[in-house]
$ cat start.cif   # mmCIF, C-alpha atoms
data_target
#
loop_
_atom_site.label_atom_id
_atom_site.label_comp_id
_atom_site.auth_asym_id
_atom_site.auth_seq_id
_atom_site.Cartn_x
_atom_site.Cartn_y
_atom_site.Cartn_z
CA MET A 1 18.16 -6.62 17.58
CA THR A 2 16.12 -4.19 15.47
CA GLN A 3 13.23 -5.62 13.49
CA TYR A 4 13.47 -2.97 10.76
CA SER A 5 15.97 -1.53 8.33
CA ASP A 6 15.53 2.22 7.98
CA TYR A 7 16.70 4.66 5.31
CA PHE A 8 16.43 8.41 5.79
CA GLY A 9 16.54 11.27 3.31
CA PRO A 10 19.11 14.06 3.22
CA GLU A 11 19.15 16.19 6.34
CA GLY A 12 17.18 19.40 6.07
CA LEU A 13 14.71 18.21 3.40
CA LEU A 14 11.02 17.68 4.05
CA VAL A 15 10.04 14.00 3.94
CA ARG A 16 8.01 13.38 0.78
CA GLY A 17 6.35 10.19 1.99
CA THR A 18 6.77 6.91 3.84
CA VAL A 19 7.56 3.68 2.00
CA LEU A 20 7.27 0.29 3.74
CA VAL A 21 8.87 -2.63 1.92
CA VAL A 22 7.66 -6.23 2.39
CA PRO A 23 10.26 -8.71 1.03
CA GLY A 24 9.50 -12.04 -0.60
CA ARG A 25 10.49 -15.69 -0.37
CA GLY A 26 13.97 -16.27 0.96
CA GLU A 27 14.84 -12.57 1.06
CA THR A 28 16.15 -10.53 3.96
CA ARG A 29 15.92 -6.85 4.77
CA ALA A 30 19.44 -6.44 3.36
CA THR A 31 18.09 -7.52 -0.04
CA TYR A 32 16.50 -4.06 -0.36
CA ALA A 33 19.34 -1.89 0.96
CA ARG A 34 20.16 -0.50 -2.49
CA PHE A 35 16.50 0.18 -3.25
CA GLY A 36 15.98 1.80 0.15
CA ARG A 37 18.98 4.08 -0.19
CA ARG A 38 17.91 5.18 -3.65
CA LEU A 39 14.38 6.18 -2.61
CA ALA A 40 15.71 7.81 0.54
CA ALA A 41 18.00 9.98 -1.59
CA ASP A 42 14.81 11.45 -3.08
CA ALA A 43 13.65 12.38 0.45
CA TYR A 44 11.37 9.40 1.08
CA ARG A 45 11.36 7.72 4.49
CA VAL A 46 11.94 4.02 3.75
CA ARG A 47 11.50 1.13 6.16
CA VAL A 48 12.03 -2.55 5.26
CA ILE A 49 10.35 -5.16 7.45
CA ASP A 50 11.11 -8.87 7.73
CA ALA A 51 9.66 -11.08 5.00
CA PRO A 52 6.45 -12.83 6.03
CA ASP A 53 6.32 -16.62 6.30
CA LEU A 54 2.88 -17.09 4.82
CA ASP A 55 2.74 -20.71 5.99
CA THR A 56 2.86 -19.60 9.63
CA GLU A 57 1.89 -15.89 9.63
CA ASP A 58 -1.66 -15.19 8.56
CA LEU A 59 -2.73 -12.01 6.80
CA PRO A 60 -4.24 -10.33 9.89
CA ALA A 61 -0.96 -10.85 11.75
CA LEU A 62 1.00 -9.37 8.84
CA ALA A 63 -1.42 -6.45 8.66
CA ALA A 64 -0.84 -5.78 12.36
CA ARG A 65 2.92 -5.92 11.84
CA ILE A 66 2.68 -3.46 8.95
CA THR A 67 0.54 -1.12 11.04
CA THR A 68 3.07 -1.21 13.89
CA ALA A 69 5.94 -0.58 11.47
CA ALA A 70 4.13 2.43 10.02
CA GLU A 71 3.25 3.86 13.43
CA ASP A 72 6.85 3.49 14.57
CA THR A 73 7.94 5.89 11.83
CA THR A 74 5.75 8.60 13.33
CA ALA A 75 7.32 11.99 13.69
CA GLU A 76 5.87 14.74 15.88
CA ASP A 77 3.30 15.53 13.18
CA GLY A 78 2.43 11.88 12.43
CA VAL A 79 3.40 9.43 9.70
CA ALA A 80 4.75 11.33 6.70
CA GLY A 81 2.28 10.78 3.88
CA PRO A 82 1.61 9.40 1.46
CA LEU A 83 2.10 5.96 3.00
CA VAL A 84 3.02 3.44 0.29
CA LEU A 85 3.43 -0.32 0.67
CA VAL A 86 5.92 -2.07 -1.61
CA GLY A 87 5.63 -5.84 -1.83
CA ALA A 88 7.99 -8.15 -3.70
CA ASP A 89 7.24 -11.76 -4.73
CA SER A 90 5.22 -13.36 -1.89
CA GLY A 91 5.31 -9.97 -0.17
CA ALA A 92 3.52 -8.56 -3.22
CA ALA A 93 0.92 -11.33 -3.02
CA ALA A 94 0.33 -10.60 0.66
CA VAL A 95 0.07 -6.84 0.13
CA ALA A 96 -2.36 -7.36 -2.77
CA ALA A 97 -4.46 -9.75 -0.69
CA LEU A 98 -4.65 -7.19 2.13
CA LEU A 99 -6.03 -4.62 -0.31
CA GLY A 100 -9.28 -6.54 -0.44
CA GLN A 101 -9.63 -6.71 3.34
CA ASP A 102 -10.46 -4.23 6.06
CA SER A 103 -7.30 -4.87 8.05
CA GLY A 104 -5.36 -2.21 9.89
CA THR A 105 -3.52 0.59 8.14
CA ARG A 106 -4.89 1.60 4.75
CA PRO A 107 -2.04 2.68 2.48
CA ASP A 108 -2.37 5.61 0.13
CA ALA A 109 -0.90 3.44 -2.64
CA VAL A 110 0.79 0.08 -3.19
CA ILE A 111 3.56 -1.18 -5.46
CA LEU A 112 3.52 -4.86 -6.40
CA ALA A 113 6.83 -6.11 -7.80
CA GLY A 114 7.21 -9.61 -9.22
CA LEU A 115 3.72 -10.75 -8.20
CA PRO A 116 3.80 -14.56 -8.67
CA GLY A 117 1.30 -16.29 -10.91
CA ARG A 118 -1.18 -18.79 -9.57
CA ALA A 119 -0.13 -22.44 -9.40
CA PRO A 120 -0.25 -24.70 -11.31
CA ALA A 121 -0.29 -22.31 -14.27
CA VAL A 122 3.08 -20.90 -13.22
CA THR A 123 5.65 -23.02 -11.41
CA ALA A 124 9.12 -22.37 -10.11
CA THR A 125 12.06 -23.35 -12.29
CA ALA A 126 14.74 -23.09 -9.62
CA GLY A 127 16.97 -26.10 -8.97
CA THR A 128 20.57 -25.39 -8.05
CA TRP A 129 21.54 -22.08 -6.48
CA ASP A 130 22.87 -20.80 -9.81
CA GLU A 131 19.59 -21.75 -11.48
CA GLU A 132 17.65 -19.93 -8.77
CA LEU A 133 19.82 -16.86 -9.30
CA ASP A 134 19.09 -17.06 -13.03
CA VAL A 135 15.37 -16.96 -12.24
CA ARG A 136 15.85 -14.04 -9.88
CA THR A 137 18.27 -11.65 -11.57
CA SER A 138 21.10 -11.13 -14.03
CA CYS A 139 22.59 -8.24 -12.04
CA PRO A 140 26.08 -9.29 -10.89
CA ALA A 141 25.96 -7.07 -7.81
CA HIS A 142 22.61 -8.47 -6.68
CA ARG A 143 23.65 -12.05 -7.38
CA GLY A 144 26.71 -11.45 -5.23
CA LEU A 145 24.67 -9.89 -2.44
CA LEU A 146 22.24 -12.83 -2.36
CA THR A 147 25.10 -15.33 -2.42
CA GLN A 148 27.05 -13.63 0.37
CA ASP A 149 24.03 -13.06 2.64
CA THR A 150 24.03 -16.12 4.89
CA GLU A 151 20.45 -15.38 5.99
CA VAL A 152 19.04 -15.66 2.46
CA ARG A 153 17.12 -18.93 2.29
CA ARG A 154 18.23 -20.80 -0.79
CA GLY A 155 15.68 -22.85 -2.71
CA SER A 156 12.83 -20.70 -1.40
CA LEU A 157 11.37 -20.06 -4.85
CA ASP A 158 10.37 -23.72 -4.93
CA ASP A 159 8.13 -23.09 -1.90
CA ALA A 160 4.62 -22.49 -3.16
CA VAL A 161 2.89 -19.27 -2.14
CA PRO A 162 -0.29 -20.40 -0.32
CA GLU A 163 -3.10 -20.70 -2.84
CA ALA A 164 -5.48 -18.82 -0.54
CA VAL A 165 -3.12 -15.82 -0.53
CA LEU A 166 -2.71 -15.85 -4.32
CA THR A 167 -6.45 -16.17 -4.82
CA ALA A 168 -7.09 -13.26 -2.46
CA ALA A 169 -4.37 -11.24 -4.20
CA TYR A 170 -5.89 -11.58 -7.66
CA ASP A 171 -9.49 -11.39 -6.43
CA SER A 172 -8.81 -8.13 -4.59
CA ALA A 173 -9.05 -6.35 -7.95
CA ALA A 174 -12.80 -6.83 -7.80
CA SER A 175 -13.23 -5.45 -4.28
CA ASP A 176 -14.55 -1.99 -3.51
CA SER A 177 -11.82 -1.39 -0.94
CA ALA A 178 -9.09 -1.94 -3.53
CA ALA A 179 -10.68 0.14 -6.26
CA ALA A 180 -9.69 3.50 -4.78
CA VAL A 181 -6.07 2.61 -4.00
CA PRO A 182 -3.50 3.50 -6.68
CA VAL A 183 -1.42 0.46 -7.66
CA LEU A 184 1.84 0.19 -9.57
CA LEU A 185 2.46 -3.30 -10.94
CA LEU A 186 6.08 -4.01 -11.87
CA VAL A 187 7.06 -7.14 -13.77
CA GLY A 188 10.05 -8.25 -15.81
CA ASP A 189 9.22 -9.52 -19.26
CA SER A 190 11.69 -12.37 -18.60
CA ASP A 191 10.11 -13.34 -15.26
CA PRO A 192 9.25 -17.06 -15.51
CA LEU A 193 7.19 -16.97 -12.31
CA ALA A 194 4.77 -14.27 -13.48
CA ASP A 195 1.44 -14.81 -15.19
CA HIS A 196 1.72 -11.91 -17.61
CA GLU A 197 -1.80 -12.31 -18.99
CA ALA A 198 -3.30 -12.32 -15.49
CA LEU A 199 -1.29 -9.22 -14.56
CA ALA A 200 -2.59 -7.35 -17.61
CA HIS A 201 -6.14 -8.35 -16.68
CA THR A 202 -5.59 -7.31 -13.06
CA ALA A 203 -4.25 -3.92 -14.16
CA LYS A 204 -7.38 -3.35 -16.25
CA SER A 205 -9.66 -4.51 -13.43
CA LEU A 206 -8.21 -2.23 -10.77
CA GLY A 207 -9.63 1.25 -10.70
CA ARG A 208 -6.31 3.15 -10.50
CA ALA A 209 -3.54 0.87 -11.73
CA ARG A 210 -0.36 1.28 -13.73
CA LEU A 211 1.38 -1.78 -15.23
CA SER A 212 5.07 -1.31 -16.01
CA VAL A 213 6.81 -4.13 -17.88
CA VAL A 214 10.59 -4.03 -17.56
CA HIS A 215 12.37 -5.25 -20.67
CA GLY A 216 14.92 -7.98 -19.96
CA ALA A 217 14.19 -8.09 -16.23
CA HIS A 218 13.68 -11.30 -14.27
CA HIS A 219 11.73 -12.13 -11.12
CA ASP A 220 13.57 -9.78 -8.74
CA VAL A 221 12.45 -6.81 -10.79
CA LEU A 222 13.49 -4.26 -8.15
CA ASN A 223 17.01 -5.66 -8.13
CA ASP A 224 17.82 -6.66 -11.68
CA LEU A 225 20.15 -4.98 -14.18
CA GLN A 226 17.47 -2.34 -14.80
CA HIS A 227 17.26 -1.33 -11.12
CA ARG A 228 18.01 2.34 -11.83
CA SER A 229 15.18 2.62 -14.37
CA VAL A 230 12.86 0.68 -12.09
CA ALA A 231 13.65 2.95 -9.13
CA ALA A 232 13.00 5.95 -11.38
CA GLU A 233 9.63 4.46 -12.34
CA VAL A 234 8.82 3.98 -8.66
CA VAL A 235 9.73 7.59 -7.85
CA THR A 236 7.68 8.79 -10.82
CA PHE A 237 4.69 6.85 -9.49
CA LEU A 238 5.22 8.23 -5.98
CA GLU A 239 5.35 11.77 -7.31
CA THR A 240 2.11 11.36 -9.31
CA LEU A 241 0.27 10.62 -6.07
CA ARG A 242 0.32 14.38 -5.46
CA ASN A 243 -1.15 15.05 -8.88
CA GLU A 244 -4.11 12.63 -9.04
CA LEU A 245 -1.87 10.06 -10.78
CA ARG A 246 -1.25 12.36 -13.73
CA PRO A 247 2.38 12.41 -14.93
CA LEU A 248 4.19 15.63 -14.12
CA LEU A 249 6.04 15.54 -17.45
CA THR A 250 4.99 15.12 -21.04
CA VAL A 251 7.73 13.49 -23.09
CA ARG A 252 7.96 13.75 -26.86
CA SER A 253 10.93 12.08 -28.46
CA SER A 254 12.18 11.39 -31.97
CA ALA A 255 14.37 8.51 -30.74
CA TRP A 256 12.68 5.21 -31.47
#
$ encode --input "start.cif" --output "C-alpha cells"
Amino acid sequence: MTQYSDYFGPEGLLVRGTVLVVPGRGETRATYARFGRRLAADAYRVRVIDAPDLDTEDLPALAARITTAAEDTTAEDGVAGPLVLVGADSGAAAVAALLGQDSGTRPDAVILAGLPGRAPAVTATAGTWDEELDVRTSCPAHRGLLTQDTEVRRGSLDDAVPEAVLTAAYDSAASDSAAAVPVLLLVGDSDPLADHEALAHTAKSLGRARLSVVHGAHHDVLNDLQHRSVAAEVVTFLETLRNELRPLLTVRSSAW
C-alpha cells in the first residue's frame, strides 16, 4: 500500500514547484485530496504524507520521513523547486518546530494552516462528532468527507499537541535558521483552537512571514467554506517565491 497521495499537474506543463502536505490530528491523506488537486491544476507537484502521531513519532523521525517523501518526488533533474512544506493543525506545529532545527531537508518556504495555540491558554471544544465538525469546518462537502472517511479518527481534537512541540513551534520564530525561510500563516478568524494574538506576534517575529486571516473560517482553514479563496492565497504565496516575496499584482479597487 502506498504511503503517499500524489497529485500531478496537467501533462506538458513545466512543474512550478513541489508541495508536501503534513496533515493534522485525526486527518488522513484523503482529507487533502481537494486541496491537492487544486494546486496540481496550477502545475504544482503535490504529495500528501500520513499525519504524524507526535506522541510516538519524534521530530527527527518526522524530518527523515519528510526528506524521504521529497526525494521520492525526484525527476531526472532533481526535486522540482521551490520545495514548500504545508502543515495543518498538529502538522503545522511539527513543521514550525522543525524550522528551528537543523534536521534533514530545508524547505524553500512553509505554510502553517490552523496552527494550534499553546495549552492551557487554548483548549479544544470538541465533544460529540457534530461538535467536533463545528470546530473544524462549516463546509458541507468537507463535513461529509470527514464523516464518510472511516479512517478519520474522531475525537482527535481533544488530544493535546505535545507541549514540547508547541513550544518549539512558537520559539522557532527566534531562531536564525527560521529567519530566512518564507512563511505563510493561515488562520480562520472563527478558529477556537488558535491563539490569534500569539500568531500575530509570531508573524512579526519571523523575518519573512505573511499572516492571512480568513473571515468566517474555522480550524480546518484549508477545507472550510472559503477553500477556493484560501487555495488562491496559497498559490499567490507560492508564486511570490520567484519574486522575492513581492506580489506580482497591484490591486486598486473602489469596492469596499
$ residues_around --input "start.cif" --residues "A:Thr150" --least-positions-apart "3" --cutoff "12 Å" --atoms "only C-alpha atoms" --output "number ranges by chain"
A: 26-28, 30-31, 144-147, 153-154
$ atom_distance --input "start.cif" --atom1 "atom CA of A:Gln226" --atom2 "atom CA of A:Lys204"
24.9 Å
$ residues_near_point --input "start.cif" --point "(1.2, -11.4, -4.6)" --cutoff "12 Å" --atoms "all atoms listed in the file" --output "number ranges by chain"
A: 22-25, 52, 54, 86-99, 110-118, 160-173, 185-187, 193-195, 198-199, 202
$ write_last_selection --input "start.cif" --atoms "C-alpha atoms" --output "compact mmCIF listing (two decimals), in the frame of the given file"
# COMPACT_ATOMS: atom_id res chain seq x y z
CA VAL A 22 7.66 -6.23 2.39
CA PRO A 23 10.26 -8.71 1.03
CA GLY A 24 9.50 -12.04 -0.60
CA ARG A 25 10.49 -15.69 -0.37
CA PRO A 52 6.45 -12.83 6.03
CA LEU A 54 2.88 -17.09 4.82
CA VAL A 86 5.92 -2.07 -1.61
CA GLY A 87 5.63 -5.84 -1.83
CA ALA A 88 7.99 -8.15 -3.70
CA ASP A 89 7.24 -11.76 -4.73
CA SER A 90 5.22 -13.36 -1.89
CA GLY A 91 5.31 -9.97 -0.17
CA ALA A 92 3.52 -8.56 -3.22
CA ALA A 93 0.92 -11.33 -3.02
CA ALA A 94 0.33 -10.60 0.66
CA VAL A 95 0.07 -6.84 0.13
CA ALA A 96 -2.36 -7.36 -2.77
CA ALA A 97 -4.46 -9.75 -0.69
CA LEU A 98 -4.65 -7.19 2.13
CA LEU A 99 -6.03 -4.62 -0.31
CA VAL A 110 0.79 0.08 -3.19
CA ILE A 111 3.56 -1.18 -5.46
CA LEU A 112 3.52 -4.86 -6.40
CA ALA A 113 6.83 -6.11 -7.80
CA GLY A 114 7.21 -9.61 -9.22
CA LEU A 115 3.72 -10.75 -8.20
CA PRO A 116 3.80 -14.56 -8.67
CA GLY A 117 1.30 -16.29 -10.91
CA ARG A 118 -1.18 -18.79 -9.57
CA ALA A 160 4.62 -22.49 -3.16
CA VAL A 161 2.89 -19.27 -2.14
CA PRO A 162 -0.29 -20.40 -0.32
CA GLU A 163 -3.10 -20.70 -2.84
CA ALA A 164 -5.48 -18.82 -0.54
CA VAL A 165 -3.12 -15.82 -0.53
CA LEU A 166 -2.71 -15.85 -4.32
CA THR A 167 -6.45 -16.17 -4.82
CA ALA A 168 -7.09 -13.26 -2.46
CA ALA A 169 -4.37 -11.24 -4.20
CA TYR A 170 -5.89 -11.58 -7.66
CA ASP A 171 -9.49 -11.39 -6.43
CA SER A 172 -8.81 -8.13 -4.59
CA ALA A 173 -9.05 -6.35 -7.95
CA LEU A 185 2.46 -3.30 -10.94
CA LEU A 186 6.08 -4.01 -11.87
CA VAL A 187 7.06 -7.14 -13.77
CA LEU A 193 7.19 -16.97 -12.31
CA ALA A 194 4.77 -14.27 -13.48
CA ASP A 195 1.44 -14.81 -15.19
CA ALA A 198 -3.30 -12.32 -15.49
CA LEU A 199 -1.29 -9.22 -14.56
CA THR A 202 -5.59 -7.31 -13.06
$ atom_distance --input "start.cif" --atom1 "atom CA of A:Gln3" --atom2 "atom CA of A:Arg37"
17.7 Å
$ resolve_selection --input "start.cif" --expression "the PyMOL selection byres ((chain A and resi 80) around 6)" --output "short mmCIF file (atom, residue, chain, number, x, y, z; two decimals) with C-alpha atoms, keeping the file's coordinate frame"
data_model
loop_
_atom_site.label_atom_id
_atom_site.label_comp_id
_atom_site.auth_asym_id
_atom_site.auth_seq_id
_atom_site.Cartn_x
_atom_site.Cartn_y
_atom_site.Cartn_z
CA GLY A 17 6.35 10.19 1.99
CA THR A 18 6.77 6.91 3.84
CA VAL A 79 3.40 9.43 9.70
CA GLY A 81 2.28 10.78 3.88
#
$ closest_atom_pairs --input "start.cif" --of "stretch 151-208 of chain A" --to "stretch 235-252 of chain A" --cutoff "12 Å" --atoms "all atoms listed in the file" --output "CSV"
residue,atom,partner,partner_atom,distance
A:Ala180,CA,A:Glu244,CA,11.5
A:Val181,CA,A:Leu241,CA,10.4
A:Pro182,CA,A:Leu245,CA,7.9
A:Val183,CA,A:Phe237,CA,9.0
A:Leu184,CA,A:Phe237,CA,7.2
A:Leu185,CA,A:Phe237,CA,10.5
A:Leu186,CA,A:Phe237,CA,11.2
A:Gly207,CA,A:Leu245,CA,11.7
A:Arg208,CA,A:Leu245,CA,8.2
$ atom_distance --input "start.cif" --atom1 "atom CA of A:Asp220" --atom2 "atom CA of A:Gly155"
14.5 Å
$ residues_around --input "start.cif" --residues "A:Ala43" --least-positions-apart "4" --cutoff "10 Å" --atoms "all atoms listed in the file" --output "PyMOL selection string"
chain A and resi 7-18+37-39
$ closest_residue --input "start.cif" --among "A:Asp6, A:Glu132, A:Asp102, A:Asp55" --to "A:Thr73" --atoms "only C-alpha atoms"
A:Asp6
$ residues_near_point --input "start.cif" --point "(15.9, -6.1, -15.7)" --cutoff "7 Å" --atoms "only C-alpha atoms" --output "PDB file with C-alpha atoms, in the coordinates of the input"
ATOM      1  CA  GLY A 188      10.050  -8.250 -15.810  1.00  0.00           C
ATOM      2  CA  VAL A 214      10.590  -4.030 -17.560  1.00  0.00           C
ATOM      3  CA  HIS A 215      12.370  -5.250 -20.670  1.00  0.00           C
ATOM      4  CA  GLY A 216      14.920  -7.980 -19.960  1.00  0.00           C
ATOM      5  CA  ALA A 217      14.190  -8.090 -16.230  1.00  0.00           C
ATOM      6  CA  HIS A 218      13.680 -11.300 -14.270  1.00  0.00           C
ATOM      7  CA  VAL A 221      12.450  -6.810 -10.790  1.00  0.00           C
ATOM      8  CA  ASP A 224      17.820  -6.660 -11.680  1.00  0.00           C
ATOM      9  CA  LEU A 225      20.150  -4.980 -14.180  1.00  0.00           C
ATOM     10  CA  GLN A 226      17.470  -2.340 -14.800  1.00  0.00           C
ATOM     11  CA  HIS A 227      17.260  -1.330 -11.120  1.00  0.00           C
TER      12      HIS A 227
END
$ closest_residue --input "start.cif" --among "A:Ala51, A:Leu62, A:Ala232, A:Ala179" --to "A:Ala203" --atoms "only C-alpha atoms"
A:Ala179
$ closest_residue --input "start.cif" --among "A:Gln148, A:Ser156, A:Ser5, A:Thr128" --to "A:Asp53" --atoms "all atoms listed in the file"
A:Ser156
